[in-house]
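Okay, coords28.cif is below, mmCIF, N, CA and C atoms:
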```cif
data_run
#
loop_
_atom_site.label_atom_id
_atom_site.label_comp_id
_atom_site.auth_asym_id
_atom_site.auth_seq_id
_atom_site.Cartn_x
_atom_site.Cartn_y
_atom_site.Cartn_z
N MET A 1 -73.91 -57.24 -5.63
CA MET A 1 -72.79 -57.07 -4.72
C MET A 1 -72.64 -55.59 -4.42
N ARG A 2 -72.40 -55.29 -3.17
CA ARG A 2 -72.27 -53.91 -2.75
C ARG A 2 -70.87 -53.38 -3.03
N PHE A 3 -70.79 -52.07 -3.20
CA PHE A 3 -69.52 -51.40 -3.44
C PHE A 3 -68.71 -51.39 -2.14
N SER A 4 -67.40 -51.57 -2.25
CA SER A 4 -66.53 -51.59 -1.08
C SER A 4 -65.34 -50.66 -1.32
N TRP A 5 -65.24 -49.62 -0.50
CA TRP A 5 -64.09 -48.72 -0.59
C TRP A 5 -62.81 -49.44 -0.19
N THR A 6 -62.89 -50.29 0.80
CA THR A 6 -61.71 -51.06 1.22
C THR A 6 -61.23 -51.94 0.08
N GLY A 7 -62.17 -52.60 -0.60
CA GLY A 7 -61.80 -53.42 -1.74
C GLY A 7 -61.22 -52.61 -2.88
N LEU A 8 -61.77 -51.42 -3.12
CA LEU A 8 -61.26 -50.57 -4.20
C LEU A 8 -59.86 -50.07 -3.90
N ILE A 9 -59.56 -49.78 -2.66
CA ILE A 9 -58.24 -49.25 -2.31
C ILE A 9 -57.20 -50.36 -2.25
N LEU A 10 -57.54 -51.51 -1.66
CA LEU A 10 -56.54 -52.54 -1.41
C LEU A 10 -56.41 -53.60 -2.51
N ALA A 11 -57.52 -53.98 -3.14
CA ALA A 11 -57.48 -55.09 -4.10
C ALA A 11 -56.57 -54.81 -5.30
N PRO A 12 -56.64 -53.63 -5.93
CA PRO A 12 -55.75 -53.41 -7.08
C PRO A 12 -54.29 -53.19 -6.71
N LEU A 13 -54.00 -53.08 -5.43
CA LEU A 13 -52.63 -52.81 -5.00
C LEU A 13 -51.79 -54.07 -4.85
N LEU A 14 -52.42 -55.21 -4.58
CA LEU A 14 -51.67 -56.44 -4.27
C LEU A 14 -50.82 -56.92 -5.43
N VAL A 15 -51.39 -57.03 -6.61
CA VAL A 15 -50.65 -57.57 -7.76
C VAL A 15 -49.49 -56.66 -8.16
N PRO A 16 -49.65 -55.33 -8.25
CA PRO A 16 -48.48 -54.50 -8.56
C PRO A 16 -47.36 -54.60 -7.52
N VAL A 17 -47.72 -54.75 -6.25
CA VAL A 17 -46.69 -54.89 -5.22
C VAL A 17 -45.92 -56.20 -5.41
N ILE A 18 -46.63 -57.29 -5.66
CA ILE A 18 -45.97 -58.58 -5.88
C ILE A 18 -45.11 -58.54 -7.14
N PHE A 19 -45.65 -57.99 -8.22
CA PHE A 19 -44.91 -57.91 -9.48
C PHE A 19 -43.69 -57.01 -9.35
N SER A 20 -43.85 -55.88 -8.65
CA SER A 20 -42.73 -54.94 -8.49
C SER A 20 -41.64 -55.54 -7.61
N ALA A 21 -42.02 -56.25 -6.56
CA ALA A 21 -41.02 -56.89 -5.71
C ALA A 21 -40.26 -57.96 -6.48
N THR A 22 -40.98 -58.74 -7.27
CA THR A 22 -40.32 -59.77 -8.08
C THR A 22 -39.39 -59.14 -9.10
N PHE A 23 -39.84 -58.09 -9.75
CA PHE A 23 -39.03 -57.41 -10.75
C PHE A 23 -37.78 -56.80 -10.13
N SER A 24 -37.91 -56.18 -8.96
CA SER A 24 -36.74 -55.56 -8.34
C SER A 24 -35.76 -56.61 -7.83
N ILE A 25 -36.24 -57.77 -7.43
CA ILE A 25 -35.33 -58.85 -7.02
C ILE A 25 -34.59 -59.41 -8.23
N LEU A 26 -35.31 -59.61 -9.33
CA LEU A 26 -34.67 -60.17 -10.53
C LEU A 26 -33.72 -59.18 -11.20
N ALA A 27 -33.98 -57.89 -11.07
CA ALA A 27 -33.13 -56.87 -11.69
C ALA A 27 -32.18 -56.23 -10.67
N GLU A 28 -31.82 -56.98 -9.65
CA GLU A 28 -31.03 -56.41 -8.56
C GLU A 28 -29.64 -55.98 -9.00
N GLY A 29 -28.99 -56.71 -9.87
CA GLY A 29 -27.63 -56.36 -10.27
C GLY A 29 -27.55 -55.23 -11.29
N ASP A 30 -28.65 -54.85 -11.87
CA ASP A 30 -28.63 -53.86 -12.95
C ASP A 30 -28.64 -52.42 -12.47
N GLY A 31 -29.04 -52.15 -11.28
CA GLY A 31 -29.13 -50.77 -10.81
C GLY A 31 -29.72 -50.73 -9.42
N ASP A 32 -30.36 -49.64 -9.12
CA ASP A 32 -30.97 -49.44 -7.81
C ASP A 32 -32.26 -50.25 -7.70
N PRO A 33 -32.32 -51.24 -6.78
CA PRO A 33 -33.54 -52.04 -6.68
C PRO A 33 -34.75 -51.25 -6.16
N LEU A 34 -34.51 -50.24 -5.33
CA LEU A 34 -35.62 -49.43 -4.84
C LEU A 34 -36.25 -48.61 -5.97
N LEU A 35 -35.40 -48.07 -6.83
CA LEU A 35 -35.92 -47.31 -7.98
C LEU A 35 -36.68 -48.23 -8.94
N ALA A 36 -36.16 -49.44 -9.15
CA ALA A 36 -36.87 -50.40 -10.01
C ALA A 36 -38.22 -50.78 -9.38
N PHE A 37 -38.24 -50.99 -8.06
CA PHE A 37 -39.49 -51.32 -7.37
C PHE A 37 -40.52 -50.20 -7.50
N LEU A 38 -40.09 -48.97 -7.24
CA LEU A 38 -41.03 -47.85 -7.29
C LEU A 38 -41.52 -47.57 -8.70
N THR A 39 -40.64 -47.70 -9.69
CA THR A 39 -41.04 -47.48 -11.07
C THR A 39 -42.08 -48.50 -11.50
N MET A 40 -41.82 -49.77 -11.23
CA MET A 40 -42.78 -50.81 -11.61
C MET A 40 -44.06 -50.71 -10.79
N LEU A 41 -43.96 -50.26 -9.55
CA LEU A 41 -45.16 -50.11 -8.72
C LEU A 41 -46.06 -49.01 -9.27
N VAL A 42 -45.48 -47.89 -9.66
CA VAL A 42 -46.29 -46.80 -10.21
C VAL A 42 -46.95 -47.22 -11.53
N LEU A 43 -46.18 -47.83 -12.43
CA LEU A 43 -46.74 -48.28 -13.70
C LEU A 43 -47.79 -49.37 -13.50
N GLY A 44 -47.52 -50.29 -12.59
CA GLY A 44 -48.49 -51.36 -12.31
C GLY A 44 -49.76 -50.82 -11.68
N CYS A 45 -49.63 -49.83 -10.80
CA CYS A 45 -50.82 -49.24 -10.18
C CYS A 45 -51.66 -48.46 -11.18
N ILE A 46 -51.02 -47.83 -12.14
CA ILE A 46 -51.78 -47.11 -13.17
C ILE A 46 -52.65 -48.10 -13.96
N VAL A 47 -52.07 -49.21 -14.36
CA VAL A 47 -52.83 -50.21 -15.11
C VAL A 47 -53.86 -50.89 -14.22
N SER A 48 -53.47 -51.25 -13.00
CA SER A 48 -54.36 -52.00 -12.12
C SER A 48 -55.55 -51.17 -11.65
N TYR A 49 -55.29 -49.97 -11.15
CA TYR A 49 -56.39 -49.12 -10.69
C TYR A 49 -57.25 -48.64 -11.86
N GLY A 50 -56.61 -48.35 -12.98
CA GLY A 50 -57.38 -47.92 -14.15
C GLY A 50 -58.32 -49.00 -14.64
N SER A 51 -57.84 -50.23 -14.74
CA SER A 51 -58.71 -51.31 -15.21
C SER A 51 -59.76 -51.68 -14.16
N THR A 52 -59.43 -51.53 -12.89
CA THR A 52 -60.42 -51.82 -11.85
C THR A 52 -61.54 -50.80 -11.86
N ILE A 53 -61.19 -49.53 -11.93
CA ILE A 53 -62.21 -48.48 -11.86
C ILE A 53 -62.99 -48.36 -13.17
N LEU A 54 -62.31 -48.46 -14.30
CA LEU A 54 -62.97 -48.21 -15.58
C LEU A 54 -63.54 -49.46 -16.24
N LEU A 55 -63.10 -50.65 -15.82
CA LEU A 55 -63.54 -51.87 -16.49
C LEU A 55 -64.23 -52.84 -15.54
N PHE A 56 -63.57 -53.17 -14.43
CA PHE A 56 -64.09 -54.20 -13.53
C PHE A 56 -65.34 -53.76 -12.78
N LEU A 57 -65.29 -52.59 -12.15
CA LEU A 57 -66.43 -52.15 -11.35
C LEU A 57 -67.70 -51.90 -12.18
N PRO A 58 -67.61 -51.26 -13.36
CA PRO A 58 -68.83 -51.14 -14.16
C PRO A 58 -69.41 -52.49 -14.61
N CYS A 59 -68.53 -53.41 -15.02
CA CYS A 59 -69.01 -54.73 -15.42
C CYS A 59 -69.62 -55.48 -14.23
N LEU A 60 -68.99 -55.36 -13.08
CA LEU A 60 -69.53 -56.02 -11.88
C LEU A 60 -70.88 -55.43 -11.51
N PHE A 61 -71.02 -54.12 -11.62
CA PHE A 61 -72.30 -53.48 -11.32
C PHE A 61 -73.39 -53.95 -12.27
N LEU A 62 -73.09 -53.97 -13.58
CA LEU A 62 -74.09 -54.38 -14.55
C LEU A 62 -74.48 -55.84 -14.39
N LEU A 63 -73.52 -56.69 -14.11
CA LEU A 63 -73.84 -58.11 -13.91
C LEU A 63 -74.60 -58.34 -12.62
N SER A 64 -74.31 -57.55 -11.60
CA SER A 64 -75.00 -57.76 -10.32
C SER A 64 -76.45 -57.28 -10.37
N LEU A 65 -76.82 -56.52 -11.39
CA LEU A 65 -78.23 -56.14 -11.55
C LEU A 65 -79.10 -57.33 -11.92
N ASP A 66 -78.55 -58.27 -12.69
CA ASP A 66 -79.32 -59.41 -13.18
C ASP A 66 -78.99 -60.72 -12.47
N TYR A 67 -77.79 -60.86 -11.94
CA TYR A 67 -77.35 -62.13 -11.38
C TYR A 67 -76.89 -61.94 -9.94
N GLN A 68 -77.06 -63.00 -9.16
CA GLN A 68 -76.49 -63.03 -7.82
C GLN A 68 -75.00 -63.33 -7.97
N MET A 69 -74.17 -62.41 -7.56
CA MET A 69 -72.73 -62.56 -7.76
C MET A 69 -72.13 -63.37 -6.61
N THR A 70 -71.50 -64.47 -6.97
CA THR A 70 -70.78 -65.30 -6.01
C THR A 70 -69.29 -65.06 -6.20
N GLY A 71 -68.51 -65.63 -5.32
CA GLY A 71 -67.06 -65.50 -5.44
C GLY A 71 -66.54 -66.08 -6.74
N PHE A 72 -67.11 -67.21 -7.17
CA PHE A 72 -66.69 -67.83 -8.41
C PHE A 72 -66.97 -66.94 -9.61
N LYS A 73 -68.18 -66.35 -9.65
CA LYS A 73 -68.54 -65.48 -10.77
C LYS A 73 -67.69 -64.22 -10.81
N VAL A 74 -67.39 -63.66 -9.65
CA VAL A 74 -66.55 -62.46 -9.60
C VAL A 74 -65.14 -62.80 -10.06
N CYS A 75 -64.60 -63.93 -9.62
CA CYS A 75 -63.26 -64.33 -10.05
C CYS A 75 -63.22 -64.65 -11.54
N LEU A 76 -64.27 -65.26 -12.05
CA LEU A 76 -64.34 -65.53 -13.48
C LEU A 76 -64.40 -64.23 -14.29
N LEU A 77 -65.15 -63.27 -13.79
CA LEU A 77 -65.19 -61.95 -14.43
C LEU A 77 -63.80 -61.31 -14.43
N GLY A 78 -63.09 -61.39 -13.31
CA GLY A 78 -61.73 -60.85 -13.25
C GLY A 78 -60.78 -61.53 -14.21
N LEU A 79 -60.93 -62.85 -14.36
CA LEU A 79 -60.09 -63.60 -15.28
C LEU A 79 -60.33 -63.16 -16.73
N VAL A 80 -61.60 -63.02 -17.10
CA VAL A 80 -61.94 -62.60 -18.47
C VAL A 80 -61.49 -61.17 -18.72
N LEU A 81 -61.72 -60.28 -17.75
CA LEU A 81 -61.33 -58.89 -17.94
C LEU A 81 -59.81 -58.72 -17.93
N GLY A 82 -59.09 -59.58 -17.24
CA GLY A 82 -57.63 -59.56 -17.32
C GLY A 82 -57.14 -59.92 -18.72
N ALA A 83 -57.81 -60.87 -19.36
CA ALA A 83 -57.46 -61.22 -20.74
C ALA A 83 -57.81 -60.07 -21.69
N VAL A 84 -58.95 -59.41 -21.44
CA VAL A 84 -59.33 -58.25 -22.26
C VAL A 84 -58.30 -57.13 -22.09
N GLU A 85 -57.83 -56.96 -20.87
CA GLU A 85 -56.81 -55.93 -20.61
C GLU A 85 -55.53 -56.23 -21.38
N PHE A 86 -55.15 -57.50 -21.46
CA PHE A 86 -53.96 -57.85 -22.23
C PHE A 86 -54.13 -57.53 -23.71
N VAL A 87 -55.30 -57.85 -24.25
CA VAL A 87 -55.56 -57.57 -25.66
C VAL A 87 -55.53 -56.06 -25.92
N SER A 88 -56.11 -55.29 -25.01
CA SER A 88 -56.13 -53.83 -25.22
C SER A 88 -54.72 -53.24 -25.11
N LEU A 89 -53.90 -53.74 -24.19
CA LEU A 89 -52.52 -53.25 -24.10
C LEU A 89 -51.69 -53.68 -25.30
N ALA A 90 -51.97 -54.87 -25.84
CA ALA A 90 -51.29 -55.29 -27.07
C ALA A 90 -51.69 -54.41 -28.24
N LEU A 91 -52.94 -53.99 -28.27
CA LEU A 91 -53.40 -53.08 -29.33
C LEU A 91 -52.73 -51.72 -29.21
N ILE A 92 -52.56 -51.24 -27.99
CA ILE A 92 -51.86 -49.98 -27.77
C ILE A 92 -50.39 -50.11 -28.18
N ALA A 93 -49.76 -51.23 -27.82
CA ALA A 93 -48.36 -51.44 -28.20
C ALA A 93 -48.20 -51.54 -29.71
N TRP A 94 -49.14 -52.19 -30.38
CA TRP A 94 -49.07 -52.29 -31.83
C TRP A 94 -49.25 -50.92 -32.48
N GLY A 95 -50.14 -50.12 -31.95
CA GLY A 95 -50.37 -48.80 -32.50
C GLY A 95 -49.21 -47.85 -32.28
N SER A 96 -48.42 -48.08 -31.25
CA SER A 96 -47.31 -47.18 -30.95
C SER A 96 -45.97 -47.75 -31.39
N ARG A 97 -45.99 -48.77 -32.24
CA ARG A 97 -44.73 -49.37 -32.70
C ARG A 97 -43.99 -48.37 -33.58
N GLY A 98 -42.72 -48.51 -33.58
CA GLY A 98 -41.88 -47.60 -34.36
C GLY A 98 -41.69 -48.08 -35.78
N PRO A 99 -40.97 -47.31 -36.57
CA PRO A 99 -40.73 -47.70 -37.97
C PRO A 99 -39.77 -48.87 -38.10
N ASP A 100 -39.04 -49.21 -37.03
CA ASP A 100 -38.12 -50.33 -37.09
C ASP A 100 -38.82 -51.68 -36.98
N LEU A 101 -40.10 -51.69 -36.63
CA LEU A 101 -40.88 -52.92 -36.55
C LEU A 101 -41.80 -53.00 -37.77
N PRO A 102 -41.45 -53.87 -38.73
CA PRO A 102 -42.19 -53.85 -40.00
C PRO A 102 -43.51 -54.64 -39.98
N ILE A 103 -43.98 -55.09 -38.84
CA ILE A 103 -45.20 -55.88 -38.80
C ILE A 103 -46.40 -54.96 -39.01
N LYS A 104 -47.13 -55.18 -40.09
CA LYS A 104 -48.28 -54.34 -40.42
C LYS A 104 -49.60 -54.94 -39.92
N ASN A 105 -49.65 -56.25 -39.78
CA ASN A 105 -50.87 -56.94 -39.40
C ASN A 105 -50.93 -57.07 -37.87
N PHE A 106 -52.07 -56.66 -37.29
CA PHE A 106 -52.20 -56.74 -35.84
C PHE A 106 -52.19 -58.18 -35.34
N PHE A 107 -52.81 -59.09 -36.08
CA PHE A 107 -52.89 -60.47 -35.62
C PHE A 107 -51.53 -61.14 -35.58
N VAL A 108 -50.67 -60.83 -36.52
CA VAL A 108 -49.30 -61.36 -36.49
C VAL A 108 -48.55 -60.76 -35.29
N PHE A 109 -48.70 -59.46 -35.09
CA PHE A 109 -48.08 -58.80 -33.94
C PHE A 109 -48.61 -59.39 -32.63
N PHE A 110 -49.92 -59.63 -32.57
CA PHE A 110 -50.52 -60.16 -31.35
C PHE A 110 -50.01 -61.56 -31.04
N LEU A 111 -49.85 -62.40 -32.06
CA LEU A 111 -49.32 -63.75 -31.82
C LEU A 111 -47.88 -63.70 -31.31
N LEU A 112 -47.09 -62.78 -31.86
CA LEU A 112 -45.71 -62.62 -31.38
C LEU A 112 -45.70 -62.03 -29.97
N TRP A 113 -46.58 -61.08 -29.71
CA TRP A 113 -46.67 -60.43 -28.40
C TRP A 113 -47.16 -61.42 -27.35
N ALA A 114 -48.12 -62.28 -27.72
CA ALA A 114 -48.70 -63.23 -26.78
C ALA A 114 -47.79 -64.42 -26.49
N ALA A 115 -46.71 -64.57 -27.25
CA ALA A 115 -45.81 -65.69 -27.03
C ALA A 115 -44.92 -65.50 -25.81
N GLY A 116 -44.92 -64.31 -25.23
CA GLY A 116 -44.08 -64.03 -24.08
C GLY A 116 -44.65 -64.61 -22.79
N PRO A 117 -43.81 -64.72 -21.77
CA PRO A 117 -44.27 -65.30 -20.50
C PRO A 117 -45.18 -64.38 -19.68
N VAL A 118 -45.24 -63.10 -20.03
CA VAL A 118 -46.05 -62.15 -19.27
C VAL A 118 -47.52 -62.28 -19.62
N THR A 119 -47.83 -62.96 -20.71
CA THR A 119 -49.21 -63.08 -21.17
C THR A 119 -50.13 -63.66 -20.12
N ALA A 120 -49.69 -64.70 -19.46
CA ALA A 120 -50.53 -65.38 -18.46
C ALA A 120 -50.71 -64.55 -17.19
N LEU A 121 -49.87 -63.54 -16.99
CA LEU A 121 -49.98 -62.74 -15.77
C LEU A 121 -51.21 -61.84 -15.77
N PHE A 122 -51.66 -61.39 -16.92
CA PHE A 122 -52.80 -60.48 -16.96
C PHE A 122 -54.10 -61.15 -16.51
N PRO A 123 -54.47 -62.32 -17.07
CA PRO A 123 -55.67 -62.98 -16.53
C PRO A 123 -55.52 -63.39 -15.07
N LEU A 124 -54.31 -63.82 -14.69
CA LEU A 124 -54.06 -64.18 -13.29
C LEU A 124 -54.20 -62.97 -12.38
N ALA A 125 -53.68 -61.83 -12.82
CA ALA A 125 -53.80 -60.60 -12.03
C ALA A 125 -55.25 -60.17 -11.91
N GLY A 126 -56.02 -60.31 -12.99
CA GLY A 126 -57.45 -60.00 -12.92
C GLY A 126 -58.18 -60.92 -11.96
N LEU A 127 -57.82 -62.19 -11.97
CA LEU A 127 -58.42 -63.16 -11.06
C LEU A 127 -58.10 -62.83 -9.61
N ILE A 128 -56.86 -62.52 -9.32
CA ILE A 128 -56.45 -62.19 -7.95
C ILE A 128 -57.10 -60.91 -7.48
N THR A 129 -57.12 -59.90 -8.32
CA THR A 129 -57.72 -58.62 -7.94
C THR A 129 -59.22 -58.76 -7.70
N ALA A 130 -59.91 -59.46 -8.58
CA ALA A 130 -61.35 -59.64 -8.42
C ALA A 130 -61.66 -60.48 -7.19
N GLY A 131 -60.89 -61.53 -6.97
CA GLY A 131 -61.11 -62.37 -5.79
C GLY A 131 -60.87 -61.61 -4.50
N LEU A 132 -59.83 -60.80 -4.48
CA LEU A 132 -59.55 -60.00 -3.30
C LEU A 132 -60.62 -58.93 -3.09
N TYR A 133 -61.10 -58.32 -4.15
CA TYR A 133 -62.17 -57.34 -4.03
C TYR A 133 -63.43 -58.00 -3.47
N TRP A 134 -63.77 -59.18 -3.98
CA TRP A 134 -64.94 -59.88 -3.48
C TRP A 134 -64.77 -60.26 -2.01
N TRP A 135 -63.59 -60.76 -1.66
CA TRP A 135 -63.34 -61.19 -0.28
C TRP A 135 -63.40 -60.00 0.68
N LEU A 136 -62.80 -58.89 0.30
CA LEU A 136 -62.84 -57.71 1.17
C LEU A 136 -64.24 -57.13 1.27
N GLY A 137 -64.99 -57.13 0.17
CA GLY A 137 -66.35 -56.63 0.20
C GLY A 137 -67.30 -57.55 0.95
N LYS A 138 -67.12 -58.84 0.79
CA LYS A 138 -67.98 -59.82 1.47
C LYS A 138 -67.68 -59.86 2.95
N ARG A 139 -66.42 -59.74 3.30
CA ARG A 139 -66.01 -59.78 4.71
C ARG A 139 -66.58 -58.60 5.46
N ARG A 140 -66.61 -57.45 4.80
CA ARG A 140 -67.09 -56.24 5.45
C ARG A 140 -68.61 -56.22 5.59
N THR A 141 -69.31 -56.75 4.59
CA THR A 141 -70.77 -56.70 4.61
C THR A 141 -71.39 -57.98 5.15
N GLY A 142 -70.56 -58.94 5.53
CA GLY A 142 -71.11 -60.18 6.07
C GLY A 142 -71.82 -59.93 7.38
N ARG A 143 -72.96 -60.59 7.54
CA ARG A 143 -73.75 -60.39 8.76
C ARG A 143 -73.33 -61.38 9.81
N SER A 144 -73.23 -60.91 11.02
CA SER A 144 -72.90 -61.79 12.12
C SER A 144 -74.19 -62.32 12.73
N VAL A 145 -74.15 -63.57 13.14
CA VAL A 145 -75.32 -64.19 13.74
C VAL A 145 -75.30 -63.92 15.23
N PRO A 146 -76.40 -63.40 15.80
CA PRO A 146 -76.40 -63.11 17.23
C PRO A 146 -76.34 -64.40 18.05
N VAL A 147 -75.56 -64.37 19.10
CA VAL A 147 -75.41 -65.52 19.98
C VAL A 147 -76.45 -65.43 21.08
N GLU A 148 -77.17 -66.51 21.30
CA GLU A 148 -78.21 -66.49 22.34
C GLU A 148 -77.75 -67.22 23.57
#
```
Using structure tokens, write down the structure that the file contains.
Amino acid sequence: MRFSWTGLILAPLLVPVIFSATFSILAEGDGDPLLAFLTMLVLGCIVSYGSTILLFLPCLFLLSLDYQMTGFKVCLLGLVLGAVEFVSLALIAWGSRGPDLPIKNFFVFFLLWAAGPVTALFPLAGLITAGLYWWLGKRRTGRSVPVE
């Protein structure tokens, strides 16, 4: 699969925009919804663009050397890497826990951390981002058939 600048710029932006809009709507009574939207958008873009550039694109490049990448394979890769991203963020959260959290075992912390409703959003976000990247890249490099 060929590299797509359009896919790199737009694909990681969709999920943070949707998540930030949802968050600002749900937290509307607590304060300024625009500030909540922008804060969540910046944090979401840091995670989304970081995982796309540092995790998704290298894995996609290495897999495309050996396999013909289809939309299904790219979406499956995004789903798996979204789950990996959740595990890595849980590891960071466990490492930065304060003294008021007495959980010493990572697996106990991970089970408690994974019980939240946000857990399913990471693989879903990876799936959406990868699918959008594939669609934008395929749409741009698709060949048109000449009309006779």
Practice prompt. With a distance cut-off of 6.5 Å and only N, CA and C atoms, select the neighbouring residues of region 15-32 of chain A, excluding the residue or stretch itself and same-chain residues fewer than 2 positions from it, and output the selection as JSON, numbers by chain.
Written response: {"A": [11, 12, 13, 34, 35, 36, 37, 40, 41, 44, 45, 125]}
Worksheet item: If you apply the PyMOL selection byres (((chain A and resi 69 and name CA) around 12) and name CA) to this file, what residues do you get, as a count of residues only?
Response: 25
Discussion item. Report, in Å to a single decimal, how far apart CA of Leu136 (chain A) and CA of Thr119 (chain A) are.
Written reply: 26.7 Å
Residue neighbourhood Phe86 (chain A), 8 Å, only C-alpha atoms, exclusion window fewer than 4 positions, as a compact mmCIF listing (two decimals) with N, CA and C atoms, in the frame of the given file:
```
# COMPACT_ATOMS: atom_id res chain seq x y z
N GLY A 82 -59.09 -59.58 -17.24
CA GLY A 82 -57.63 -59.56 -17.32
C GLY A 82 -57.14 -59.92 -18.72
N ALA A 90 -51.97 -54.87 -25.84
CA ALA A 90 -51.29 -55.29 -27.07
C ALA A 90 -51.69 -54.41 -28.24
N THR A 119 -47.83 -62.96 -20.71
CA THR A 119 -49.21 -63.08 -21.17
C THR A 119 -50.13 -63.66 -20.12
N PHE A 122 -51.66 -61.39 -16.92
CA PHE A 122 -52.80 -60.48 -16.96
C PHE A 122 -54.10 -61.15 -16.51
N PRO A 123 -54.47 -62.32 -17.07
CA PRO A 123 -55.67 -62.98 -16.53
C PRO A 123 -55.52 -63.39 -15.07
```
Item to complete: Work out how far apart CA of Ser88 (chain A) and CA of Gly7 (chain A) are and give it in Å to one decimal.
Response: 24.2 Å
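Our summary of the geometry notes that CA of Val118 (chain A) is positioned 12.0 Å from CA of Leu89 (chain A).
Counting only C-alpha atoms, the residue from A:Ser48, A:Thr129, A:Ser4, A:Thr39 that sits nearest to Glu85 (chain A) is A:Ser48.
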Worksheet item: When distances are computed from all atoms listed in the file, which of A:Leu81, A:Ala93, A:Ile103, A:Arg139 shows the smallest separation from Gly126 (chain A)?
Response: A:Leu81
Worksheet entry | Those of chain A in DSSP helix (DSSP H, G or I), formatted as a PyMOL selection string | chain A and resi 5-26+28-30+33-66+71-95+106-114+121-141
